[in-house]
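Source file query.cif; content: mmCIF, C-alpha atoms (C1' of nucleotides).
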data_protein
#
loop_
_atom_site.group_PDB
_atom_site.id
_atom_site.type_symbol
_atom_site.label_atom_id
_atom_site.label_comp_id
_atom_site.auth_asym_id
_atom_site.auth_seq_id
_atom_site.Cartn_x
_atom_site.Cartn_y
_atom_site.Cartn_z
ATOM 1 C CA MET A 1179 18.234 -14.339 2.998
ATOM 2 C CA VAL A 1180 14.438 -14.292 2.612
ATOM 3 C CA ASP A 1181 12.992 -17.645 3.633
ATOM 4 C CA ALA A 1182 9.586 -19.317 3.380
ATOM 5 C CA LEU A 1183 8.304 -17.756 6.605
ATOM 6 C CA ASP A 1184 9.297 -14.309 5.398
ATOM 7 C CA PHE A 1185 7.352 -14.969 2.220
ATOM 8 C CA LYS A 1186 4.283 -15.934 4.229
ATOM 9 C CA ILE A 1187 4.568 -12.756 6.277
ATOM 10 C CA ILE A 1188 4.848 -10.732 3.088
ATOM 11 C CA GLU A 1189 1.832 -12.493 1.603
ATOM 12 C CA SER A 1190 -0.142 -11.574 4.673
ATOM 13 C CA LEU A 1191 0.946 -7.936 4.482
ATOM 14 C CA LYS A 1192 0.081 -7.874 0.778
ATOM 15 C CA VAL A 1193 -3.506 -8.748 1.621
ATOM 16 C CA ASN A 1194 -3.670 -6.124 4.358
ATOM 17 C CA SER A 1195 -0.635 -4.173 5.465
ATOM 18 C CA ARG A 1196 -2.328 -3.187 8.730
ATOM 19 C CA THR A 1197 -2.576 -6.798 9.904
ATOM 20 C CA SER A 1198 -1.193 -7.060 13.438
ATOM 21 C CA PHE A 1199 1.876 -9.146 14.258
ATOM 22 C CA VAL A 1200 -0.244 -11.312 16.543
ATOM 23 C CA GLU A 1201 -2.627 -12.087 13.674
ATOM 24 C CA ILE A 1202 0.205 -12.835 11.248
ATOM 25 C CA GLY A 1203 1.780 -15.062 13.889
ATOM 26 C CA LYS A 1204 -1.435 -17.072 14.181
ATOM 27 C CA GLN A 1205 -1.638 -17.486 10.417
ATOM 28 C CA ILE A 1206 1.876 -18.829 10.028
ATOM 29 C CA GLY A 1207 2.479 -20.430 13.421
ATOM 30 C CA LEU A 1208 5.031 -18.039 14.860
ATOM 31 C CA SER A 1209 5.095 -15.920 18.002
ATOM 32 C CA PRO A 1210 4.341 -12.222 17.616
ATOM 33 C CA SER A 1211 7.884 -11.370 18.719
ATOM 34 C CA SER A 1212 9.349 -13.440 15.933
ATOM 35 C CA VAL A 1213 7.026 -11.938 13.366
ATOM 36 C CA ARG A 1214 7.985 -8.475 14.529
ATOM 37 C CA GLU A 1215 11.674 -9.278 14.375
ATOM 38 C CA ARG A 1216 11.377 -10.650 10.853
ATOM 39 C CA VAL A 1217 9.376 -7.674 9.653
ATOM 40 C CA GLN A 1218 11.967 -5.360 11.190
ATOM 41 C CA LYS A 1219 14.722 -7.166 9.299
ATOM 42 C CA LEU A 1220 12.773 -7.048 6.050
ATOM 43 C CA GLU A 1221 12.346 -3.302 6.548
ATOM 44 C CA ASP A 1222 16.031 -2.820 7.393
ATOM 45 C CA ALA A 1223 17.043 -4.787 4.304
ATOM 46 C CA GLU A 1224 14.599 -2.634 2.290
ATOM 47 C CA VAL A 1225 12.809 -5.717 1.041
ATOM 48 C CA ILE A 1226 9.762 -3.960 2.497
ATOM 49 C CA LYS A 1227 9.982 -0.399 1.245
ATOM 50 C CA GLY A 1228 6.851 0.968 2.872
ATOM 51 C CA TYR A 1229 3.162 0.623 3.581
ATOM 52 C CA ASN A 1230 0.594 2.209 1.283
ATOM 53 C CA VAL A 1231 -3.095 2.898 1.296
ATOM 54 C CA LYS A 1232 -5.199 2.032 -1.738
ATOM 55 C CA LEU A 1233 -7.648 4.846 -2.427
ATOM 56 C CA ASN A 1234 -10.661 5.434 -4.597
ATOM 57 C CA ASN A 1235 -9.483 8.686 -6.163
ATOM 58 C CA LYS A 1236 -12.819 9.337 -7.847
ATOM 59 C CA LYS A 1237 -14.482 9.592 -4.443
ATOM 60 C CA LEU A 1238 -11.774 12.043 -3.370
ATOM 61 C CA GLY A 1239 -12.548 14.478 -6.170
ATOM 62 C CA PHE A 1240 -9.923 13.186 -8.607
ATOM 63 C CA GLY A 1241 -12.144 11.817 -11.335
ATOM 64 C CA LEU A 1242 -9.468 11.304 -13.965
ATOM 65 C CA GLU A 1243 -6.643 8.801 -13.852
ATOM 66 C CA VAL A 1244 -4.366 8.538 -16.850
ATOM 67 C CA PHE A 1245 -1.214 6.850 -18.004
ATOM 68 C CA ILE A 1246 1.200 9.027 -19.889
ATOM 69 C CA MET A 1247 3.883 7.568 -22.132
ATOM 70 C CA PHE A 1248 6.438 10.281 -22.378
ATOM 71 C CA LYS A 1249 9.223 10.837 -24.861
ATOM 72 C CA LEU A 1250 11.809 12.971 -23.083
ATOM 73 C CA PHE A 1251 13.676 15.521 -25.171
ATOM 74 C CA SER A 1252 17.374 14.756 -25.394
ATOM 75 C CA GLY A 1253 19.251 15.892 -22.283
ATOM 76 C CA LYS A 1254 16.107 16.635 -20.291
ATOM 77 C CA LEU A 1255 16.195 13.610 -17.983
ATOM 78 C CA GLN A 1256 18.118 15.261 -15.166
ATOM 79 C CA ILE A 1257 16.027 18.421 -15.027
ATOM 80 C CA PHE A 1258 12.836 16.403 -15.323
ATOM 81 C CA CYS A 1259 13.850 14.313 -12.307
ATOM 82 C CA ASP A 1260 14.781 17.442 -10.383
ATOM 83 C CA ASP A 1261 11.379 18.994 -11.121
ATOM 84 C CA LEU A 1262 9.338 15.896 -10.288
ATOM 85 C CA ASN A 1263 8.250 17.177 -6.896
ATOM 86 C CA ARG A 1264 6.584 20.112 -8.625
ATOM 87 C CA PHE A 1265 4.073 17.683 -10.090
ATOM 88 C CA PRO A 1266 1.972 16.343 -7.222
ATOM 89 C CA GLU A 1267 -0.328 14.884 -9.886
ATOM 90 C CA ILE A 1268 2.330 12.286 -10.743
ATOM 91 C CA TYR A 1269 1.588 9.234 -8.670
ATOM 92 C CA GLU A 1270 4.180 6.912 -10.168
ATOM 93 C CA VAL A 1271 6.931 7.503 -12.709
ATOM 94 C CA TYR A 1272 9.378 5.086 -14.298
ATOM 95 C CA ARG A 1273 12.069 4.993 -16.899
ATOM 96 C CA ILE A 1274 11.219 2.313 -19.417
ATOM 97 C CA THR A 1275 12.506 0.858 -22.653
ATOM 98 C CA GLY A 1276 10.995 1.965 -25.941
ATOM 99 C CA THR A 1277 10.734 5.202 -27.878
ATOM 100 C CA HIS A 1278 8.544 6.591 -25.115
ATOM 101 C CA ASN A 1279 11.181 6.351 -22.418
ATOM 102 C CA ILE A 1280 9.123 7.553 -19.441
ATOM 103 C CA PHE A 1281 5.925 6.101 -18.094
ATOM 104 C CA MET A 1282 3.767 7.756 -15.480
ATOM 105 C CA LYS A 1283 0.481 7.303 -13.702
ATOM 106 C CA VAL A 1284 -1.220 10.625 -13.102
ATOM 107 C CA VAL A 1285 -4.206 11.483 -10.893
ATOM 108 C CA LEU A 1286 -6.224 14.525 -11.960
ATOM 109 C CA ILE A 1287 -9.418 16.370 -11.095
ATOM 110 C CA ASP A 1288 -10.921 16.677 -14.580
ATOM 111 C CA GLN A 1289 -10.130 17.223 -18.250
ATOM 112 C CA LEU A 1290 -9.223 20.871 -17.733
ATOM 113 C CA HIS A 1291 -6.709 19.798 -15.120
ATOM 114 C CA LEU A 1292 -5.323 17.213 -17.556
ATOM 115 C CA GLN A 1293 -4.931 19.884 -20.228
ATOM 116 C CA GLN A 1294 -3.050 22.186 -17.860
ATOM 117 C CA PHE A 1295 -0.902 19.301 -16.673
ATOM 118 C CA ILE A 1296 0.050 18.292 -20.201
ATOM 119 C CA ASP A 1297 0.911 21.899 -21.047
ATOM 120 C CA ARG A 1298 3.391 21.914 -18.182
ATOM 121 C CA LEU A 1299 4.917 18.653 -19.391
ATOM 122 C CA LEU A 1300 5.618 19.913 -22.898
ATOM 123 C CA VAL A 1301 8.810 21.628 -21.744
ATOM 124 C CA TYR A 1302 10.383 18.245 -21.041
ATOM 125 C CA GLY A 1303 9.115 16.051 -23.831
ATOM 126 C CA GLU A 1304 6.297 14.654 -25.879
ATOM 127 C CA PRO A 1305 3.432 13.029 -23.985
ATOM 128 C CA THR A 1306 0.977 10.413 -25.207
ATOM 129 C CA THR A 1307 -2.039 10.081 -22.930
ATOM 130 C CA HIS A 1308 -4.164 7.025 -22.212
ATOM 131 C CA LEU A 1309 -7.229 7.414 -20.022
ATOM 132 C CA ILE A 1310 -7.786 4.659 -17.470
ATOM 133 C CA LEU A 1311 -11.278 3.286 -18.051
ATOM 134 C CA SER A 1312 -11.411 0.628 -15.365
ATOM 135 C CA ASP A 1313 -9.316 -1.490 -13.047
ATOM 136 C CA LEU A 1314 -9.876 -5.063 -14.237
ATOM 137 C CA LYS A 1315 -8.901 -6.393 -10.799
ATOM 138 C CA ASP A 1316 -11.907 -4.578 -9.306
ATOM 139 C CA LEU A 1317 -14.506 -6.322 -11.478
ATOM 140 C CA MET B 1089 -18.742 13.758 2.589
ATOM 141 C CA VAL B 1090 -14.957 13.717 2.872
ATOM 142 C CA ASP B 1091 -13.799 16.754 4.843
ATOM 143 C CA ALA B 1092 -10.451 18.376 5.600
ATOM 144 C CA LEU B 1093 -9.748 16.125 8.593
ATOM 145 C CA ASP B 1094 -10.424 13.039 6.502
ATOM 146 C CA PHE B 1095 -7.930 14.336 3.967
ATOM 147 C CA LYS B 1096 -5.316 14.779 6.666
ATOM 148 C CA ILE B 1097 -5.906 11.242 7.888
ATOM 149 C CA ILE B 1098 -5.545 9.960 4.337
ATOM 150 C CA GLU B 1099 -2.345 11.958 3.860
ATOM 151 C CA SER B 1100 -0.953 10.347 6.976
ATOM 152 C CA LEU B 1101 -1.908 6.865 5.807
ATOM 153 C CA LYS B 1102 -0.377 7.586 2.397
ATOM 154 C CA VAL B 1103 2.981 8.212 4.051
ATOM 155 C CA ASN B 1104 2.680 5.047 6.124
ATOM 156 C CA SER B 1105 -0.460 2.958 6.199
ATOM 157 C CA ARG B 1106 0.630 1.292 9.441
ATOM 158 C CA THR B 1107 0.589 4.569 11.370
ATOM 159 C CA SER B 1108 -1.419 4.075 14.559
ATOM 160 C CA PHE B 1109 -4.643 5.948 15.257
ATOM 161 C CA VAL B 1110 -3.008 7.504 18.312
ATOM 162 C CA GLU B 1111 -0.194 8.883 16.166
ATOM 163 C CA ILE B 1112 -2.566 10.191 13.492
ATOM 164 C CA GLY B 1113 -4.664 11.786 16.229
ATOM 165 C CA LYS B 1114 -1.595 13.630 17.538
ATOM 166 C CA GLN B 1115 -0.744 14.875 14.060
ATOM 167 C CA ILE B 1116 -4.174 16.303 13.346
ATOM 168 C CA GLY B 1117 -5.410 17.122 16.856
ATOM 169 C CA LEU B 1118 -8.112 14.500 17.258
ATOM 170 C CA SER B 1119 -8.690 11.726 19.755
ATOM 171 C CA PRO B 1120 -7.779 8.177 18.724
ATOM 172 C CA SER B 1121 -11.451 7.199 18.889
ATOM 173 C CA SER B 1122 -12.427 9.855 16.398
ATOM 174 C CA VAL B 1123 -9.625 8.918 14.046
ATOM 175 C CA ARG B 1124 -10.694 5.316 14.212
ATOM 176 C CA GLU B 1125 -14.316 6.181 13.544
ATOM 177 C CA ARG B 1126 -13.413 8.339 10.550
ATOM 178 C CA VAL B 1127 -11.160 5.645 9.118
ATOM 179 C CA GLN B 1128 -13.949 3.124 9.612
ATOM 180 C CA LYS B 1129 -16.345 5.342 7.674
ATOM 181 C CA LEU B 1130 -13.828 5.892 4.901
ATOM 182 C CA GLU B 1131 -13.411 2.120 4.655
ATOM 183 C CA ASP B 1132 -17.180 1.535 4.664
ATOM 184 C CA ALA B 1133 -17.628 4.157 1.940
ATOM 185 C CA GLU B 1134 -14.823 2.438 0.005
ATOM 186 C CA VAL B 1135 -12.866 5.655 -0.196
ATOM 187 C CA ILE B 1136 -10.115 3.590 1.399
ATOM 188 C CA LYS B 1137 -10.018 0.353 -0.585
ATOM 189 C CA GLY B 1138 -7.204 -1.362 1.269
ATOM 190 C CA TYR B 1139 -3.732 -1.274 2.750
ATOM 191 C CA ASN B 1140 -0.748 -2.421 0.701
ATOM 192 C CA VAL B 1141 2.885 -3.150 1.250
ATOM 193 C CA LYS B 1142 5.485 -1.701 -1.099
ATOM 194 C CA LEU B 1143 8.085 -4.334 -1.899
ATOM 195 C CA ASN B 1144 11.458 -4.510 -3.535
ATOM 196 C CA ASN B 1145 10.669 -7.318 -5.960
ATOM 197 C CA LYS B 1146 14.288 -7.651 -7.067
ATOM 198 C CA LYS B 1147 15.272 -8.666 -3.541
ATOM 199 C CA LEU B 1148 12.459 -11.237 -3.558
ATOM 200 C CA GLY B 1149 13.807 -13.015 -6.606
ATOM 201 C CA PHE B 1150 11.672 -11.205 -9.172
ATOM 202 C CA GLY B 1151 14.325 -9.328 -11.080
ATOM 203 C CA LEU B 1152 12.162 -8.230 -14.000
ATOM 204 C CA GLU B 1153 9.330 -5.757 -13.897
ATOM 205 C CA VAL B 1154 7.639 -4.822 -17.137
ATOM 206 C CA PHE B 1155 4.723 -2.871 -18.468
ATOM 207 C CA ILE B 1156 2.729 -4.565 -21.192
ATOM 208 C CA MET B 1157 0.473 -2.612 -23.535
ATOM 209 C CA PHE B 1158 -1.939 -5.158 -24.817
ATOM 210 C CA LYS B 1159 -4.207 -5.133 -27.837
ATOM 211 C CA LEU B 1160 -7.021 -7.555 -27.059
ATOM 212 C CA PHE B 1161 -8.422 -9.575 -29.943
ATOM 213 C CA SER B 1162 -12.033 -8.731 -30.692
ATOM 214 C CA GLY B 1163 -14.420 -10.447 -28.264
ATOM 215 C CA LYS B 1164 -11.678 -11.644 -25.910
ATOM 216 C CA LEU B 1165 -12.259 -9.161 -23.073
ATOM 217 C CA GLN B 1166 -14.636 -11.333 -21.068
ATOM 218 C CA ILE B 1167 -12.539 -14.475 -21.218
ATOM 219 C CA PHE B 1168 -9.382 -12.508 -20.480
ATOM 220 C CA CYS B 1169 -10.992 -11.074 -17.328
ATOM 221 C CA ASP B 1170 -12.192 -14.528 -16.298
ATOM 222 C CA ASP B 1171 -8.681 -15.950 -16.724
ATOM 223 C CA LEU B 1172 -6.883 -13.126 -14.895
ATOM 224 C CA ASN B 1173 -6.430 -15.108 -11.703
ATOM 225 C CA ARG B 1174 -4.419 -17.661 -13.670
ATOM 226 C CA PHE B 1175 -1.709 -15.032 -14.110
ATOM 227 C CA PRO B 1176 -0.213 -14.351 -10.695
ATOM 228 C CA GLU B 1177 2.498 -12.408 -12.520
ATOM 229 C CA ILE B 1178 0.000 -9.637 -13.297
ATOM 230 C CA TYR B 1179 0.280 -7.112 -10.535
ATOM 231 C CA GLU B 1180 -2.028 -4.460 -11.966
ATOM 232 C CA VAL B 1181 -4.246 -4.470 -15.045
ATOM 233 C CA TYR B 1182 -6.404 -1.722 -16.502
ATOM 234 C CA ARG B 1183 -8.571 -1.023 -19.486
ATOM 235 C CA ILE B 1184 -7.329 2.105 -21.189
ATOM 236 C CA THR B 1185 -8.022 4.237 -24.235
ATOM 237 C CA GLY B 1186 -5.888 3.813 -27.342
ATOM 238 C CA THR B 1187 -5.243 1.055 -29.836
ATOM 239 C CA HIS B 1188 -3.586 -0.949 -27.059
ATOM 240 C CA ASN B 1189 -6.668 -1.221 -24.896
ATOM 241 C CA ILE B 1190 -5.164 -3.070 -21.926
ATOM 242 C CA PHE B 1191 -2.290 -1.981 -19.725
ATOM 243 C CA MET B 1192 -0.611 -4.193 -17.163
ATOM 244 C CA LYS B 1193 2.265 -4.189 -14.743
ATOM 245 C CA VAL B 1194 3.893 -7.586 -14.553
ATOM 246 C CA VAL B 1195 6.437 -8.952 -12.074
ATOM 247 C CA LEU B 1196 8.688 -11.733 -13.347
ATOM 248 C CA ILE B 1197 11.689 -13.777 -12.325
ATOM 249 C CA ASP B 1198 13.822 -13.387 -15.451
ATOM 250 C CA GLN B 1199 13.737 -13.148 -19.233
ATOM 251 C CA LEU B 1200 12.828 -16.794 -19.663
ATOM 252 C CA HIS B 1201 9.849 -16.262 -17.411
ATOM 253 C CA LEU B 1202 8.876 -13.193 -19.455
ATOM 254 C CA GLN B 1203 9.039 -15.225 -22.643
ATOM 255 C CA GLN B 1204 6.803 -17.925 -21.213
ATOM 256 C CA PHE B 1205 4.407 -15.340 -19.868
ATOM 257 C CA ILE B 1206 4.098 -13.587 -23.221
ATOM 258 C CA ASP B 1207 3.486 -16.920 -24.941
ATOM 259 C CA ARG B 1208 0.520 -17.494 -22.641
ATOM 260 C CA LEU B 1209 -0.831 -14.020 -23.419
ATOM 261 C CA LEU B 1210 -0.832 -14.496 -27.181
ATOM 262 C CA VAL B 1211 -4.150 -16.348 -27.007
ATOM 263 C CA TYR B 1212 -5.893 -13.170 -25.933
ATOM 264 C CA GLY B 1213 -4.185 -10.449 -27.923
ATOM 265 C CA GLU B 1214 -1.053 -8.719 -29.066
ATOM 266 C CA PRO B 1215 1.373 -7.581 -26.380
ATOM 267 C CA THR B 1216 3.955 -4.820 -26.544
ATOM 268 C CA THR B 1217 6.493 -5.024 -23.726
ATOM 269 C CA HIS B 1218 8.396 -2.215 -22.001
ATOM 270 C CA LEU B 1219 11.023 -3.126 -19.428
ATOM 271 C CA ILE B 1220 11.036 -0.973 -16.292
ATOM 272 C CA LEU B 1221 14.544 0.419 -15.927
ATOM 273 C CA SER B 1222 14.130 2.451 -12.761
ATOM 274 C CA ASP B 1223 11.600 4.096 -10.483
ATOM 275 C CA LEU B 1224 12.302 7.805 -10.780
ATOM 276 C CA LYS B 1225 10.689 8.411 -7.392
ATOM 277 C CA ASP B 1226 13.398 6.268 -5.781
ATOM 278 C CA LEU B 1227 16.304 8.351 -7.037
ATOM 279 C "C1'" DA C 1175 -19.351 13.860 15.278
ATOM 280 C "C1'" DT C 1176 -16.315 13.895 19.272
ATOM 281 C "C1'" DT C 1177 -14.846 12.694 23.690
ATOM 282 C "C1'" DG C 1178 -12.846 10.236 27.903
ATOM 283 C "C1'" DA C 1179 -12.629 6.118 30.471
ATOM 284 C "C1'" DA C 1180 -12.147 1.293 30.949
ATOM 285 C "C1'" DA C 1181 -11.208 -3.252 29.253
ATOM 286 C "C1'" DC C 1182 -8.868 -5.626 26.094
ATOM 287 C "C1'" DG C 1183 -5.330 -6.871 23.098
ATOM 288 C "C1'" DG C 1184 -1.094 -5.907 20.640
ATOM 289 C "C1'" DC C 1185 3.637 -4.211 20.835
ATOM 290 C "C1'" DC C 1186 8.217 -4.108 22.523
ATOM 291 C "C1'" DC C 1187 12.134 -5.170 25.157
ATOM 292 C "C1'" DC C 1188 14.925 -8.348 27.326
ATOM 293 C "C1'" DA C 1189 16.383 -12.506 29.344
ATOM 294 C "C1'" DC C 1190 16.583 -17.124 28.079
ATOM 295 C "C1'" DC C 1191 16.759 -21.164 25.089
ATOM 296 C "C1'" DG D 771 16.536 -17.661 15.215
ATOM 297 C "C1'" DG D 772 12.716 -18.522 18.358
ATOM 298 C "C1'" DT D 773 10.059 -17.964 22.819
ATOM 299 C "C1'" DG D 774 7.662 -16.019 26.882
ATOM 300 C "C1'" DG D 775 6.582 -12.476 30.230
ATOM 301 C "C1'" DG D 776 5.928 -7.800 32.118
ATOM 302 C "C1'" DG D 777 5.149 -3.128 31.264
ATOM 303 C "C1'" DC D 778 3.620 0.005 28.096
ATOM 304 C "C1'" DC D 779 0.984 1.640 24.434
ATOM 305 C "C1'" DG D 780 -2.689 1.250 20.992
ATOM 306 C "C1'" DT D 781 -7.398 -0.195 20.005
ATOM 307 C "C1'" DT D 782 -12.131 -0.827 20.832
ATOM 308 C "C1'" DT D 783 -16.410 0.022 22.821
ATOM 309 C "C1'" DC D 784 -19.661 2.757 24.985
ATOM 310 C "C1'" DA D 785 -22.154 6.273 27.509
ATOM 311 C "C1'" DA D 786 -22.471 11.138 27.429
ATOM 312 C "C1'" DT D 787 -22.635 15.341 24.911
#

Write out the structure in this file as structure tokens.
Amino acid sequence: MVDALDFKIIESLKVNSRTSFVEIGKQIGLSPSSVRERVQKLEDAEVIKGYNVKLNNKKLGFGLEVFIMFKLFSGKLQIFCDDLNRFPEIYEVYRITGTHNIFMKVVLIDQLHLQQFIDRLLVYGEPTTHLILSDLKDL
Amino acid sequence: MVDALDFKIIESLKVNSRTSFVEIGKQIGLSPSSVRERVQKLEDAEVIKGYNVKLNNKKLGFGLEVFIMFKLFSGKLQIFCDDLNRFPEIYEVYRITGTHNIFMKVVLIDQLHLQQFIDRLLVYGEPTTHLILSDLKDL
DNA sequence: ATTGAAACGGCCCCACC
DNA sequence: GGTGGGGCCGTTTCAAT
């Protein structure tokens, strides 16, 4: 279903998702048309779910990034999911195993913003906050 | 430094980082040249750090995604950072506040692979594993 | 900092293998 | 499933503002 060439294409897109099909073709020895066709198929099969930009949030005025381990109150999962779009601060959110059954990555302006954000979360459950100090991949 | 137009460009790239400069220009009422120049400056200023592809790891044969909260042994931070590139399974890794001072997202093939991975981590510290059950943004 | 124009290169479709 | 070509569209550069 996904062969070695597809993997190479994906590797190339991992490095830089804006890489042109011509460039990818050169790297893996395939014509641009073929690369395009394979990428199209990977998108159709939802192996590729989208293309993201990696930002420096600090430089955009969002100086605080935190992880929140969240213990949902019983029966609150559905309403929490429904309300998710009211929290633009939530960048990623997953259900996980453990007593804290929700994990989220949250991007905030400052500590006041964090405080207000946590206050809004308290309706749904019990948050435990971890500040992100540094990205070890950036060092 | 980063003005309203830059924000609009970034919003557009957040939705799809492969969006062409022509298309972005149409959306925000700017010529392709100007969009390109602004993106170039955002890249140079490292506001934009890169362009990623969002993958369905399950469909690529990596059926297990986990978060690991990691309590580094005293004095092991430097060597752990130096050895990071020996763990291709580690997708993201951050220093965080709390007794578990490292957080990582790890992509694995199966439970056996997880077991082997954790065994290799034990040199550096004490891991606590949380399986990712679902991405709530996907629902 | 933005623009339009021109040259270049990539994308896309389709016919063919 | 891969290729090659023609037309179209996007990108890049640059002079002008």

Could you give me, as JSON lines, every chain A residue with an atom at most 10 Å from chain C, plus its closest atom pair and distance in Å to one decimal, counting all atoms listed in the file, rows ordered by chain then number?
{"residue": "A:Ser1198", "atom": "CA", "partner": "C:DG1184", "partner_atom": "C1'", "distance": 7.3}
{"residue": "A:Phe1199", "atom": "CA", "partner": "C:DG1184", "partner_atom": "C1'", "distance": 7.7}
{"residue": "A:Val1200", "atom": "CA", "partner": "C:DG1184", "partner_atom": "C1'", "distance": 6.8}
{"residue": "A:Glu1201", "atom": "CA", "partner": "C:DG1184", "partner_atom": "C1'", "distance": 9.4}
{"residue": "A:Pro1210", "atom": "CA", "partner": "C:DC1185", "partner_atom": "C1'", "distance": 8.7}
{"residue": "A:Ser1211", "atom": "CA", "partner": "C:DC1186", "partner_atom": "C1'", "distance": 8.2}
{"residue": "A:Arg1214", "atom": "CA", "partner": "C:DC1185", "partner_atom": "C1'", "distance": 8.8}

Hey, which bits of stretch 1196-1246 of chain A sit within 8 Å of stretch 1127-1136 of chain B, and for each residue what's the closest pair of atoms and how far apart in Å (one decimal), counting all atoms listed in the file, rows by chain and increasing number, as JSON lines?
{"residue": "A:Val1231", "atom": "CA", "partner": "B:Ile1136", "partner_atom": "CA", "distance": 7.1}
{"residue": "A:Lys1232", "atom": "CA", "partner": "B:Ile1136", "partner_atom": "CA", "distance": 6.0}
{"residue": "A:Leu1233", "atom": "CA", "partner": "B:Ile1136", "partner_atom": "CA", "distance": 4.7}
{"residue": "A:Asn1234", "atom": "CA", "partner": "B:Val1135", "partner_atom": "CA", "distance": 4.9}
{"residue": "A:Asn1235", "atom": "CA", "partner": "B:Val1135", "partner_atom": "CA", "distance": 7.5}
{"residue": "A:Lys1237", "atom": "CA", "partner": "B:Val1135", "partner_atom": "CA", "distance": 6.0}
{"residue": "A:Leu1238", "atom": "CA", "partner": "B:Val1135", "partner_atom": "CA", "distance": 7.2}

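Take atom CA of B:Asp1207 and atom CA of A:Ile1188: the distance between them is 28.7 Å.
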
Next item on the list: Determine the nearest neighbour of chain D from the options B:Asp1223, B:Asp1094, B:Glu1177, B:Glu1125, counting all atoms listed in the file.
Entry: B:Glu1125

What would the selection look like, as a PDB file with C-alpha atoms (C1' of nucleotides), in the coordinates of the input, if the PyMOL selection byres ((chain D) within 12 of (chain A)) were run on the coordinates I just shared?
ATOM      1  C1'  DG D 771      16.536 -17.661  15.215  1.00  0.00           C
ATOM      2  C1'  DG D 772      12.716 -18.522  18.358  1.00  0.00           C
ATOM      3  C1'  DT D 773      10.059 -17.964  22.819  1.00  0.00           C
ATOM      4  C1'  DG D 774       7.662 -16.019  26.882  1.00  0.00           C
ATOM      5  C1'  DG D 775       6.582 -12.476  30.230  1.00  0.00           C
ATOM      6  C1'  DG D 780      -2.689   1.250  20.992  1.00  0.00           C
ATOM      7  C1'  DT D 781      -7.398  -0.195  20.005  1.00  0.00           C
TER       8       DT D 781
END

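Nearest residue to chain B among A:Gly1303, A:Pro1266, A:Gly1228, A:Gly1253 is A:Gly1228, counting only C-alpha atoms.
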
Item checked: chain A contacts on chain B, only C-alpha atoms, 9 Å, as a ChimeraX atom specification -> /B:1090,1095,1098,1101-1107,1133-1148,1154-1155,1169,1172,1180-1186,1191,1217-1225,1227

Neighbouring residues of stretch 1287-1289 of chain A were defined as those with any atom within 8 Å, considering only C-alpha atoms (C1' of nucleotides); residues of the same chain fewer than 3 positions away were excluded. Please report them as a PDB file with C-alpha atoms, in the frame of the given file.
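Generated output (result_10.pdb):
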ATOM      1  CA  GLY A1239     -12.548  14.478  -6.170  1.00  0.00           C
ATOM      2  CA  PHE A1240      -9.923  13.186  -8.607  1.00  0.00           C
ATOM      3  CA  GLY A1241     -12.144  11.817 -11.335  1.00  0.00           C
ATOM      4  CA  LEU A1242      -9.468  11.304 -13.965  1.00  0.00           C
ATOM      5  CA  LEU A1292      -5.323  17.213 -17.556  1.00  0.00           C
ATOM      6  CA  GLN A1293      -4.931  19.884 -20.228  1.00  0.00           C
TER       7      GLN A1293
END

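Here atom CA of A:Ile1296 is placed at a distance of 23.0 Å from atom CA of B:Ile1156.
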
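The two atoms in question, atom CA of A:Lys1186 and atom CA of B:Val1194, are spaced 20.6 Å apart.
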
Extract chain D from the coordinates I pasted, and write it as a PDB file, in the first residue's frame (atoms kept: C-alpha atoms (C1' of nucleotides)).
ATOM      1  C1'  DG D 771       2.618   2.525 -12.245  1.00  0.00           C
ATOM      2  C1'  DG D 772       5.770   5.419 -14.873  1.00  0.00           C
ATOM      3  C1'  DT D 773       7.012   8.907 -18.556  1.00  0.00           C
ATOM      4  C1'  DG D 774       7.153  13.051 -21.530  1.00  0.00           C
ATOM      5  C1'  DG D 775       5.297  17.198 -23.600  1.00  0.00           C
ATOM      6  C1'  DG D 776       2.465  21.399 -24.045  1.00  0.00           C
ATOM      7  C1'  DG D 777      -0.074  24.856 -21.864  1.00  0.00           C
ATOM      8  C1'  DC D 778      -0.856  27.065 -17.777  1.00  0.00           C
ATOM      9  C1'  DC D 779       0.224  28.835 -13.449  1.00  0.00           C
ATOM     10  C1'  DG D 780       3.421  29.976  -9.711  1.00  0.00           C
ATOM     11  C1'  DT D 781       7.914  31.821  -8.430  1.00  0.00           C
ATOM     12  C1'  DT D 782      11.743  34.783  -8.653  1.00  0.00           C
ATOM     13  C1'  DT D 783      14.151  38.805  -9.656  1.00  0.00           C
ATOM     14  C1'  DC D 784      14.516  43.487 -10.481  1.00  0.00           C
ATOM     15  C1'  DA D 785      13.771  48.308 -11.555  1.00  0.00           C
ATOM     16  C1'  DA D 786      10.707  51.823 -10.130  1.00  0.00           C
ATOM     17  C1'  DT D 787       8.154  54.050  -6.586  1.00  0.00           C
TER      18       DT D 787
END
